[in-house]
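Source file: query-v2.cif. Holds: mmCIF, C-alpha atoms.
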```cif
data_start
loop_
_atom_site.label_atom_id
_atom_site.label_comp_id
_atom_site.auth_asym_id
_atom_site.auth_seq_id
_atom_site.Cartn_x
_atom_site.Cartn_y
_atom_site.Cartn_z
CA MET D 560 88.46 89.94 100.22
CA ASN D 561 88.47 86.90 97.93
CA ARG D 562 91.30 85.95 95.60
CA GLN D 563 89.58 87.35 92.48
CA LYS D 564 89.15 90.77 94.07
CA ILE D 565 92.78 90.78 95.25
CA THR D 566 93.93 89.90 91.72
CA ALA D 567 91.79 92.68 90.22
CA VAL D 568 93.12 95.27 92.68
CA CYS D 569 96.72 94.22 92.03
CA THR D 570 96.17 94.37 88.28
CA CYS D 571 94.70 97.86 88.62
CA LEU D 572 97.66 99.06 90.69
CA VAL D 573 100.10 97.65 88.13
CA VAL D 574 98.28 99.45 85.30
CA ILE D 575 98.37 102.73 87.25
CA ALA D 576 102.07 102.27 87.99
CA ILE D 577 102.86 101.59 84.34
CA ALA D 578 100.85 104.64 83.23
CA ALA D 579 102.65 106.80 85.77
CA PHE D 580 106.01 105.47 84.59
CA PHE D 581 105.24 106.29 80.96
CA GLN D 582 103.95 109.77 81.93
CA ILE D 583 107.20 110.49 83.75
CA ALA D 584 109.19 109.09 80.84
CA VAL D 585 107.36 111.33 78.37
CA LYS D 586 108.00 114.38 80.55
CA GLN D 587 111.66 113.47 80.82
CA LYS D 588 111.82 113.05 77.08
CA ASP D 589 110.26 116.51 76.58
CA ALA D 590 112.72 118.13 78.99
CA LYS D 591 116.03 119.32 77.50
CA ASP D 592 119.48 119.67 78.99
CA VAL D 593 120.42 122.39 76.49
CA VAL D 594 117.94 124.66 74.76
CA LYS D 595 118.80 126.17 71.39
CA VAL D 596 117.32 129.66 71.21
CA GLY D 597 116.86 131.81 68.12
CA PHE D 598 116.38 135.60 68.04
CA VAL D 599 115.30 137.75 65.08
CA TYR D 600 116.03 141.47 65.36
CA ILE D 601 114.97 144.35 63.12
CA GLY D 602 118.24 146.19 63.84
CA ASP D 603 121.39 145.77 65.91
CA GLU D 604 122.97 147.20 69.08
CA SER D 605 123.07 150.71 67.60
CA ASN D 606 119.26 150.81 67.77
CA PRO D 607 117.89 151.52 71.31
CA TYR D 608 114.81 149.36 70.74
CA VAL D 609 116.85 146.37 69.61
CA TYR D 610 119.56 146.95 72.19
CA ASN D 611 116.91 146.64 74.90
CA PHE D 612 116.21 143.09 73.65
CA ILE D 613 119.89 142.27 73.25
CA ARG D 614 120.57 143.36 76.82
CA ALA D 615 117.87 140.92 78.01
CA GLN D 616 119.37 138.16 75.86
CA LYS D 617 122.85 138.72 77.29
CA ASN D 618 121.54 138.67 80.86
CA ILE D 619 119.75 135.37 80.22
CA GLN D 620 122.87 133.90 78.60
CA SER D 621 124.97 134.97 81.58
CA GLU D 622 122.53 133.42 84.06
CA LEU D 623 121.80 130.14 82.26
CA GLY D 624 125.30 129.63 80.85
CA ASP D 625 125.80 126.34 79.00
CA LYS D 626 122.14 125.42 79.45
CA VAL D 627 121.36 127.55 76.40
CA LYS D 628 122.83 128.01 72.94
CA MET D 629 121.78 131.23 71.24
CA VAL D 630 121.62 132.13 67.55
CA GLU D 631 120.80 135.65 66.33
CA LYS D 632 119.62 137.19 63.08
CA PHE D 633 120.26 140.94 62.95
CA ASN D 634 118.96 143.74 60.70
CA VAL D 635 116.03 141.75 59.33
CA PRO D 636 113.39 143.95 57.62
CA GLU D 637 109.81 143.13 58.55
CA ASN D 638 108.99 142.08 54.98
CA GLU D 639 112.00 139.75 54.78
CA VAL D 640 111.61 137.72 57.97
CA GLU D 641 110.48 134.42 56.40
CA GLN D 642 113.89 133.15 55.29
CA PRO D 643 115.67 133.88 58.61
CA LEU D 644 112.88 132.10 60.46
CA VAL D 645 113.13 129.05 58.23
CA GLU D 646 116.90 129.02 58.71
CA LEU D 647 116.54 129.07 62.50
CA ALA D 648 113.92 126.33 62.36
CA GLU D 649 116.12 124.17 60.12
CA GLU D 650 119.02 124.76 62.53
CA LYS D 651 116.86 122.92 65.09
CA CYS D 652 116.16 125.81 67.44
CA ASP D 653 113.84 124.75 70.26
CA ILE D 654 112.39 128.24 70.75
CA ILE D 655 112.52 131.36 68.57
CA PHE D 656 111.85 134.95 69.67
CA THR D 657 110.76 137.49 67.06
CA THR D 658 110.95 141.07 68.21
CA SER D 659 109.21 143.50 65.85
CA TYR D 660 105.45 143.87 65.46
CA GLY D 661 105.55 143.48 61.70
CA TYR D 662 107.04 139.98 62.00
CA GLY D 663 103.84 138.63 63.55
CA LYS D 664 101.87 137.41 60.55
CA THR D 665 104.78 135.57 58.95
CA THR D 666 106.02 134.17 62.25
CA LYS D 667 102.63 132.63 62.96
CA GLU D 668 102.56 131.06 59.49
CA ILE D 669 106.04 129.56 59.94
CA ALA D 670 105.11 128.30 63.42
CA GLY D 671 102.33 126.28 61.85
CA LYS D 672 104.91 124.47 59.71
CA TYR D 673 107.21 123.61 62.63
CA PRO D 674 104.90 122.43 65.45
CA ASP D 675 107.77 121.10 67.59
CA ILE D 676 109.35 124.57 67.91
CA GLN D 677 107.95 127.32 70.16
CA PHE D 678 107.67 130.74 68.47
CA CYS D 679 107.29 133.82 70.71
CA GLN D 680 106.37 137.18 69.14
CA ALA D 681 107.06 140.34 71.16
CA THR D 682 104.44 143.12 70.86
CA GLY D 683 102.21 140.80 68.83
CA ASP D 684 98.42 140.77 68.90
CA ASN D 685 97.53 137.64 66.93
CA ALA D 686 98.31 134.62 69.14
CA ASN D 687 94.69 134.01 70.05
CA THR D 688 93.11 134.90 66.70
CA GLU D 689 92.08 132.29 64.15
CA PRO D 690 93.71 130.19 62.92
CA PHE D 691 95.00 129.30 66.39
CA VAL D 692 98.52 127.83 66.32
CA GLY D 693 99.40 126.07 69.56
CA ASN D 694 103.15 126.73 69.43
CA TYR D 695 102.84 130.45 68.63
CA HIS D 696 102.81 132.92 71.53
CA THR D 697 102.75 136.70 72.08
CA TYR D 698 104.05 138.80 74.97
CA MET D 699 104.55 142.41 76.07
CA GLY D 700 104.77 144.65 79.12
CA ALA D 701 101.92 147.00 80.06
CA VAL D 702 104.04 149.94 78.98
CA TYR D 703 101.25 152.50 79.24
CA GLN D 704 102.05 152.52 82.97
CA GLY D 705 105.60 153.69 82.34
CA ARG D 706 104.44 156.19 79.74
CA TYR D 707 101.98 157.71 82.23
CA ILE D 708 104.62 158.07 84.96
CA ALA D 709 107.07 159.61 82.48
CA GLY D 710 104.27 162.04 81.62
CA VAL D 711 103.90 162.96 85.29
CA VAL D 712 107.62 163.82 85.42
CA ALA D 713 107.30 165.87 82.23
CA GLY D 714 104.24 167.62 83.65
CA MET D 715 106.15 168.57 86.78
CA LYS D 716 108.87 170.11 84.61
CA LEU D 717 106.24 172.04 82.66
CA LYS D 718 104.74 173.30 85.92
CA GLN D 719 108.18 174.41 87.09
CA MET D 720 108.66 176.35 83.85
CA ILE D 721 105.23 177.96 84.29
CA ASP D 722 105.90 178.84 87.94
CA GLU D 723 109.24 180.40 86.98
CA GLY D 724 107.58 182.52 84.28
CA LYS D 725 109.44 180.84 81.40
CA ILE D 726 106.20 179.84 79.68
CA THR D 727 102.51 180.46 80.24
CA LYS D 728 99.91 177.77 80.79
CA GLU D 729 98.81 178.35 77.20
CA GLN D 730 102.35 177.51 76.04
CA ALA D 731 102.38 174.11 77.78
CA LYS D 732 102.80 172.24 74.53
CA VAL D 733 104.15 168.72 74.11
CA GLY D 734 105.51 167.21 70.88
CA TYR D 735 105.58 163.51 70.09
CA VAL D 736 107.50 161.62 67.40
CA GLY D 737 105.52 158.46 66.61
CA ALA D 738 106.49 155.71 64.21
CA TYR D 739 103.05 154.73 62.88
CA ALA D 740 99.41 155.31 63.84
CA TYR D 741 99.24 151.87 65.48
CA ALA D 742 97.27 151.29 68.66
CA GLU D 743 100.56 150.65 70.47
CA VAL D 744 101.81 154.14 69.56
CA ILE D 745 98.49 155.90 70.14
CA SER D 746 97.98 154.22 73.50
CA GLY D 747 101.49 155.21 74.55
CA TYR D 748 101.29 158.89 73.65
CA THR D 749 97.80 159.18 75.11
CA ALA D 750 98.96 157.72 78.45
CA PHE D 751 101.95 160.08 78.35
CA LEU D 752 99.81 163.18 77.74
CA LEU D 753 97.31 162.19 80.44
CA GLY D 754 100.24 161.88 82.84
CA VAL D 755 101.33 165.40 81.86
CA ARG D 756 97.80 166.75 82.28
CA SER D 757 97.51 165.22 85.76
CA VAL D 758 99.98 167.99 86.72
CA VAL D 759 99.26 170.68 84.08
CA PRO D 760 95.62 170.32 82.93
CA GLU D 761 96.13 172.91 80.17
CA ALA D 762 98.81 170.86 78.35
CA VAL D 763 98.18 169.87 74.72
CA MET D 764 100.09 167.66 72.31
CA THR D 765 101.16 167.66 68.67
CA VAL D 766 101.96 164.25 67.18
CA CYS D 767 103.97 163.70 64.02
CA TYR D 768 104.30 160.24 62.48
CA ALA D 769 107.58 159.28 60.86
CA ASP D 770 106.08 156.26 59.03
CA THR D 771 109.24 154.36 59.91
CA TRP D 772 110.60 152.82 63.09
CA SER D 773 114.28 153.52 62.69
CA ASN D 774 115.33 156.58 60.73
CA TYR D 775 117.63 158.60 62.98
CA THR D 776 117.95 161.61 60.67
CA TYR D 777 114.24 161.88 59.91
CA GLU D 778 113.16 161.48 63.54
CA LYS D 779 115.63 164.21 64.46
CA LYS D 780 114.21 166.53 61.78
CA ILE D 781 110.66 165.91 63.01
CA ALA D 782 111.62 166.67 66.60
CA LYS D 783 113.29 169.95 65.59
CA SER D 784 110.20 170.92 63.60
CA LEU D 785 108.00 170.32 66.66
CA ILE D 786 110.35 172.38 68.82
CA ARG D 787 110.22 175.28 66.37
CA ASP D 788 106.43 175.01 66.53
CA GLY D 789 106.63 175.78 70.24
CA CYS D 790 106.79 172.35 71.88
CA VAL D 791 108.83 172.51 75.09
CA ILE D 792 108.64 168.79 75.88
CA ILE D 793 109.45 166.16 73.23
CA SER D 794 108.79 162.45 73.64
CA GLN D 795 108.80 159.56 71.23
CA HIS D 796 107.70 156.11 70.23
CA SER D 797 110.37 155.57 67.60
CA ASP D 798 113.53 153.54 67.82
CA THR D 799 116.48 155.92 67.57
CA MET D 800 118.06 158.66 69.67
CA GLY D 801 117.33 161.25 66.98
CA PRO D 802 114.65 163.14 68.98
CA ALA D 803 116.87 163.27 72.09
CA VAL D 804 119.80 164.64 70.10
CA ALA D 805 117.48 167.19 68.47
CA CYS D 806 116.49 168.51 71.90
CA GLU D 807 120.10 168.73 73.03
CA GLU D 808 121.19 170.54 69.87
CA MET D 809 118.31 173.01 70.09
CA ASN D 810 119.19 173.63 73.74
CA GLN D 811 122.88 174.15 73.11
CA ASN D 812 123.00 175.76 69.68
CA GLU D 813 119.71 177.57 69.14
CA ASN D 814 118.87 178.77 72.65
CA TYR D 815 115.64 176.80 73.06
CA GLU D 816 114.69 175.42 76.47
CA VAL D 817 113.23 172.05 75.64
CA TYR D 818 113.21 168.72 77.47
CA HIS D 819 113.06 165.13 76.26
CA VAL D 820 111.43 161.94 77.51
CA GLY D 821 112.84 158.75 76.02
CA TYR D 822 112.03 155.10 75.48
CA ASN D 823 113.91 151.77 75.60
CA GLN D 824 117.16 153.10 77.08
CA GLY D 825 118.44 156.10 79.00
CA MET D 826 119.44 158.98 76.74
CA THR D 827 121.34 161.29 79.09
CA SER D 828 124.56 160.20 77.36
CA VAL D 829 123.50 162.10 74.22
CA ALA D 830 121.20 164.65 75.87
CA PRO D 831 122.61 165.46 79.33
CA THR D 832 120.91 168.85 79.63
CA SER D 833 117.54 167.88 78.16
CA SER D 834 116.77 164.18 78.79
CA LEU D 835 114.49 163.91 81.83
CA ILE D 836 113.52 160.26 82.09
CA GLY D 837 112.15 157.37 80.05
CA CYS D 838 110.66 153.93 80.39
CA LYS D 839 111.07 150.54 78.80
CA VAL D 840 109.59 147.09 78.55
CA ASN D 841 111.81 144.59 80.37
CA TRP D 842 111.82 141.56 78.07
CA GLU D 843 113.99 139.40 80.32
CA PRO D 844 111.32 137.91 82.67
CA TYR D 845 109.23 136.50 79.83
CA GLU D 846 112.07 135.25 77.69
CA LYS D 847 113.90 133.58 80.57
CA ALA D 848 110.71 131.92 81.83
CA ALA D 849 109.80 130.73 78.31
CA ILE D 850 113.26 129.19 77.83
CA GLN D 851 113.03 127.46 81.20
CA ALA D 852 109.59 126.14 80.31
CA VAL D 853 111.00 124.56 77.15
CA ARG D 854 113.91 123.08 79.16
CA GLN D 855 111.45 121.52 81.60
CA GLY D 856 108.92 120.38 79.00
CA LYS D 857 106.20 122.68 80.36
CA GLU D 858 103.62 124.92 78.72
CA ILE D 859 105.05 128.44 78.42
CA GLU D 860 102.09 130.34 79.87
CA SER D 861 101.89 127.98 82.85
CA VAL D 862 105.16 129.29 84.33
CA MET D 863 104.68 133.06 83.84
CA GLY D 864 103.02 134.10 87.08
CA VAL D 865 101.46 137.17 85.42
CA HIS D 866 98.38 137.87 83.30
CA THR D 867 97.82 135.25 80.62
CA GLU D 868 95.08 134.58 78.11
CA LYS D 869 95.60 131.36 76.16
CA ASN D 870 98.93 131.94 74.35
CA ASP D 871 99.35 135.58 75.36
CA ALA D 872 101.15 136.95 78.45
CA TRP D 873 101.75 140.40 79.95
CA GLY D 874 102.90 142.11 83.16
CA GLY D 875 103.37 145.62 84.47
CA LEU D 876 105.56 147.69 86.75
CA GLN D 877 104.81 145.55 89.78
CA ASP D 878 105.96 142.45 87.87
CA ASP D 879 109.19 144.14 86.65
CA TRP D 880 107.96 143.71 83.07
CA VAL D 881 107.96 147.52 82.76
CA GLN D 882 110.74 149.68 84.20
CA MET D 883 111.34 153.38 84.62
CA LEU D 884 114.69 154.57 83.30
CA GLU D 885 117.00 156.70 85.41
CA LEU D 886 115.70 160.13 86.40
CA ASN D 887 118.00 163.01 85.46
CA LYS D 888 117.98 164.63 88.90
CA ILE D 889 120.04 167.60 87.72
CA ILE D 890 117.23 168.94 85.54
CA ALA D 891 114.10 167.21 86.89
CA ALA D 892 111.62 169.33 88.84
CA PRO D 893 111.75 169.06 92.65
CA GLY D 894 109.52 166.29 93.95
CA SER D 895 109.81 164.14 90.82
CA GLU D 896 111.21 161.12 92.70
CA LYS D 897 108.35 161.14 95.19
CA ALA D 898 105.82 161.49 92.38
CA ILE D 899 107.29 158.45 90.60
CA GLU D 900 107.06 156.30 93.73
CA LYS D 901 103.52 157.48 94.45
CA ALA D 902 102.37 156.57 90.94
CA LYS D 903 104.05 153.15 91.16
CA GLU D 904 102.20 152.48 94.40
CA GLN D 905 98.91 153.49 92.78
CA PHE D 906 99.48 151.08 89.90
CA ALA D 907 100.37 148.31 92.36
CA ARG D 908 97.11 148.92 94.24
CA GLY D 909 95.11 149.23 91.02
CA THR D 910 93.94 152.75 91.89
CA CYS D 911 95.61 154.70 89.05
CA LYS D 912 93.03 155.44 86.36
CA VAL D 913 94.90 156.45 83.22
CA PHE D 914 92.41 156.44 80.34
CA TYR D 915 89.75 158.28 82.26
CA GLY D 916 88.37 161.80 82.54
CA ASP D 917 86.42 164.46 80.72
CA TYR D 918 87.69 163.39 77.29
CA THR D 919 86.30 162.02 74.06
CA GLY D 920 88.27 160.38 71.28
CA THR D 921 87.94 159.32 67.65
CA ASP D 922 89.49 156.44 65.74
CA PRO D 923 91.70 158.14 63.10
CA ASP D 924 90.81 155.39 60.61
CA ASP D 925 87.08 155.37 61.30
CA PRO D 926 85.39 158.66 62.32
CA SER D 927 82.26 156.75 63.29
CA ASP D 928 84.19 154.90 66.01
CA THR D 929 84.34 157.17 69.08
CA ILE D 930 84.90 156.81 72.81
CA ASP D 931 83.86 158.73 75.93
CA LEU D 932 86.36 158.40 78.78
CA SER D 933 83.90 159.42 81.45
CA LYS D 934 83.78 155.63 81.71
CA GLU D 935 87.31 154.33 82.25
CA TYR D 936 89.00 152.44 79.43
CA ILE D 937 91.09 149.69 81.02
CA GLU D 938 94.21 149.09 78.93
CA ASN D 939 95.66 145.56 78.70
CA GLU D 940 92.58 144.15 80.36
CA LYS D 941 92.48 141.03 78.20
CA ALA D 942 95.58 141.14 76.00
CA SER D 943 99.26 142.07 76.07
CA ALA D 944 99.07 144.33 73.03
CA PRO D 945 97.84 147.89 73.69
CA GLY D 946 94.31 148.39 72.44
CA PHE D 947 93.53 152.08 72.93
CA HIS D 948 93.42 153.53 69.41
CA TYR D 949 91.48 156.76 69.77
CA GLN D 950 92.93 160.22 69.16
CA LEU D 951 91.68 162.48 71.93
CA ASP D 952 89.56 165.33 70.62
CA ASP D 953 90.67 168.96 71.05
CA ILE D 954 93.89 168.29 72.98
CA ILE D 955 95.85 166.18 70.45
CA THR D 956 96.69 167.37 66.95
CA VAL D 957 98.39 165.29 64.27
CA LYS D 958 100.86 167.23 62.16
CA GLN D 959 102.05 166.07 58.76
CA TYR D 960 105.75 166.46 58.22
CA GLN D 961 107.26 165.97 54.80
CA ALA D 962 111.00 166.14 54.21
CA ASP D 963 113.80 164.14 52.71
CA LYS D 964 114.23 160.98 54.81
CA LYS D 965 117.88 160.66 53.89
#
```
For the file at hand, write its structure as structure tokens.
Amino acid sequence: MNRQKITAVCTCLVVIAIAAFFQIAVKQKDAKDVVKVGFVYIGDESNPYVYNFIRAQKNIQSELGDKVKMVEKFNVPENEVEQPLVELAEEKCDIIFTTSYGYGKTTKEIAGKYPDIQFCQATGDNANTEPFVGNYHTYMGAVYQGRYIAGVVAGMKLKQMIDEGKITKEQAKVGYVGAYAYAEVISGYTAFLLGVRSVVPEAVMTVCYADTWSNYTYEKKIAKSLIRDGCVIISQHSDTMGPAVACEEMNQNENYEVYHVGYNQGMTSVAPTSSLIGCKVNWEPYEKAAIQAVRQGKEIESVMGVHTEKNDAWGGLQDDWVQMLELNKIIAAPGSEKAIEKAKEQFARGTCKVFYGDYTGTDPDDPSDTIDLSKEYIENEKASAPGFHYQLDDIITVKQYQADKK
């Protein structure tokens, strides 16, 4: 090799070394010793939905210690989220978690104004829609899996009541307190009912929307109305313990035998003789991984280890992103524990078909939009947000309930 070639090779190696040095330096500059984390909550610890997030936050704080500094904004209405977000951004938060679906539109807009801050929207469905904002992310657990298993437990209780002659198959009626007619709510109560019907095929459901997420008194009134209409199982996708307390009061004071299936946190403390089980999204895996990604200067979705699609991430029971709440063994039907484990195994193997069977459904907002479930609908196939938005024909009825919300 002549001297010119040796010089050229050496020059090339020097250039590569310098480039590598600067790449490492940039990565080190992006990494952070302490991450400042903001949280925006629609309620506070008294709200089971919000408390589920707070519990995750506290666990992360306990594990990461002085590597994180956390700032919270509590009791922020969905239509008033802009100012709290701006305040957190101006306080130099490195990452901000927003935790109610209605925050999504505003959060994405604010993210576009603060490109150096990562914004993560729980239950959101707009991370990958136009306009795409690179520092805005969405995340959620595949909660339909937990809803289905909770439905199996409820179905086993219904079957026990039928076998004991307490009700007939024609009286296998389920009531559901839903917040709004969103796909997230519809998907959840459909998965729940299909879990029930996997045990008691004759079961039907009445749904009543509260048109609010967090009105304890109103949710309680709705649940009692459903019970008086003959529902012997009550479940919910609303944020308070009102429906659980309604079941307990009707059991204890009005001689109804009715059972409850909850959401977000165990409810046996307020409904010891009626609360069967529940499920929740476990927010901790995503939030902890996202914080660590910011600390290390990495892309958030690159560290998740679950399903991702651009700036969206989701996991299920097998990923610990969805969890079953404690089974009330005192009142649960015999065999419930084994049924739960069997269903979990089926989800892990990918053999549990939930949105499938001899059913048709109609979009409540567009009667021309229908679905036939003889071909399986695969929930969360390409996004974290639930997408099933069809009301099943013949077996689900929506009831209007009007009363004072105070």
Non-local contacts of Lys903 of chain D (12 Å; only C-alpha atoms; under 4 positions in same chain excluded) as a ChimeraX atom specification: /D:704-709,711,875-879,881-883,896-899,907-911
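Distance annotation: of D:Asp770, D:Glu813, D:Asp592, D:Glu904, the residue with the minimal separation from Tyr741 of chain D is D:Asp770; atom set is only C-alpha atoms.
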Hits from the PyMOL selection byres ((chain D and resi 832-845) around 8), listed as a PyMOL selection string: chain D and resi 611-612+615-616+618-619+698-702+705-706+709+712-713+803+806-807+810+817-827+830-831+846-849+863+879-888+890-891
Selection result of the PyMOL selection byres ((chain D and resi 749) around 12) on this file, as a PyMOL selection string: chain D and resi 702-707+709-710+733-735+737+742-748+750-756+763-766+794-796+913-915+918-920+936+938+945-952+954-956
Explicit residues for the PyMOL selection byres ((chain D and resi 677-691) around 6) (as an MDAnalysis selection string): chainID D and resid 654:658 660 663 676 692 694:699 870 944
Written file, previous selection with C-alpha atoms, as a PDB file, in the frame of the given file:
```
ATOM      1  CA  ILE D 654     112.390 128.240  70.750  1.00  0.00           C
ATOM      2  CA  ILE D 655     112.520 131.360  68.570  1.00  0.00           C
ATOM      3  CA  PHE D 656     111.850 134.950  69.670  1.00  0.00           C
ATOM      4  CA  THR D 657     110.760 137.490  67.060  1.00  0.00           C
ATOM      5  CA  THR D 658     110.950 141.070  68.210  1.00  0.00           C
ATOM      6  CA  TYR D 660     105.450 143.870  65.460  1.00  0.00           C
ATOM      7  CA  GLY D 663     103.840 138.630  63.550  1.00  0.00           C
ATOM      8  CA  ILE D 676     109.350 124.570  67.910  1.00  0.00           C
ATOM      9  CA  VAL D 692      98.520 127.830  66.320  1.00  0.00           C
ATOM     10  CA  ASN D 694     103.150 126.730  69.430  1.00  0.00           C
ATOM     11  CA  TYR D 695     102.840 130.450  68.630  1.00  0.00           C
ATOM     12  CA  HIS D 696     102.810 132.920  71.530  1.00  0.00           C
ATOM     13  CA  THR D 697     102.750 136.700  72.080  1.00  0.00           C
ATOM     14  CA  TYR D 698     104.050 138.800  74.970  1.00  0.00           C
ATOM     15  CA  MET D 699     104.550 142.410  76.070  1.00  0.00           C
ATOM     16  CA  ASN D 870      98.930 131.940  74.350  1.00  0.00           C
ATOM     17  CA  ALA D 944      99.070 144.330  73.030  1.00  0.00           C
TER      18      ALA D 944
END
```
Which of D:Ile792, D:Val635, D:Ala805, D:Leu647 sits closest to Lys595 of chain D [using only C-alpha atoms]: D:Leu647
Hey, could you pull the box centre and edge lengths for segment 916-931 of chain D, axis-aligned, 4 Å padding per side, all listed atoms, to one decimal in Å, as AutoDock Vina command-line options?
```
--center_x 87.0 --center_y 159.7 --center_z 71.6 --size_x 17.4 --size_y 17.6 --size_z 29.9
```
Residue list as a list in words for point (91.9, 131.5, 77.9), cut-off 12 Å, all atoms listed in the file: Ala686, Asn687, Thr688, Glu860, Ser861, His866, Thr867, Glu868, Lys869, Asn870, Asp871, Ala872, Lys941 and Ala942 of chain D
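Nearest residue to Phe633 of chain D among D:Ser659, D:Thr666, D:Thr799, D:Gln730 is D:Ser659, counting all atoms listed in the file.
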Spatial neighbours of Met800 of chain D, max dist 9 Å, only C-alpha atoms, sep filter under 2 positions, as a list of chain:residue names: D:Asn606, D:Pro607, D:Tyr775, D:Glu778, D:Lys779, D:Ser797, D:Asp798, D:Pro802, D:Ala803, D:Val804, D:Ala805, D:Gly821, D:Met826, D:Val829
Interatomic distance, atom CA of Ser933 of chain D to atom CA of Gly714 of chain D (Å, one decimal):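 Separation between atom CA of Ser933 of chain D and atom CA of Gly714 of chain D: 22.0 Å.
Rounded to one decimal, atom CA of Thr665 of chain D and atom CA of Tyr600 of chain D lie 14.2 Å from each other.
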Minimum-distance residue to Tyr673 of chain D, chosen among D:Glu604, D:Glu646, D:Glu808, D:Asp924 (using all atoms listed in the file):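 Closest to Tyr673 of chain D, using all atoms listed in the file: D:Glu646.
Minimum atom-to-atom distances from D:Val594, D:Cys767, D:Ser773, D:Leu932 to Gly624 of chain D were compared using only C-alpha atoms, and the lowest value belongs to D:Val594.
With all atoms listed in the file as the atoms that count, the residue of D:Asp722, D:Asp788, D:Lys626, D:Ile669 with the shortest distance to Gln642 of chain D is D:Ile669.
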Coordinates-based distance that separates atom CA of Arg614 of chain D from atom CA of Phe906 of chain D (Å, one decimal):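 Those two atoms sit 26.0 Å apart.
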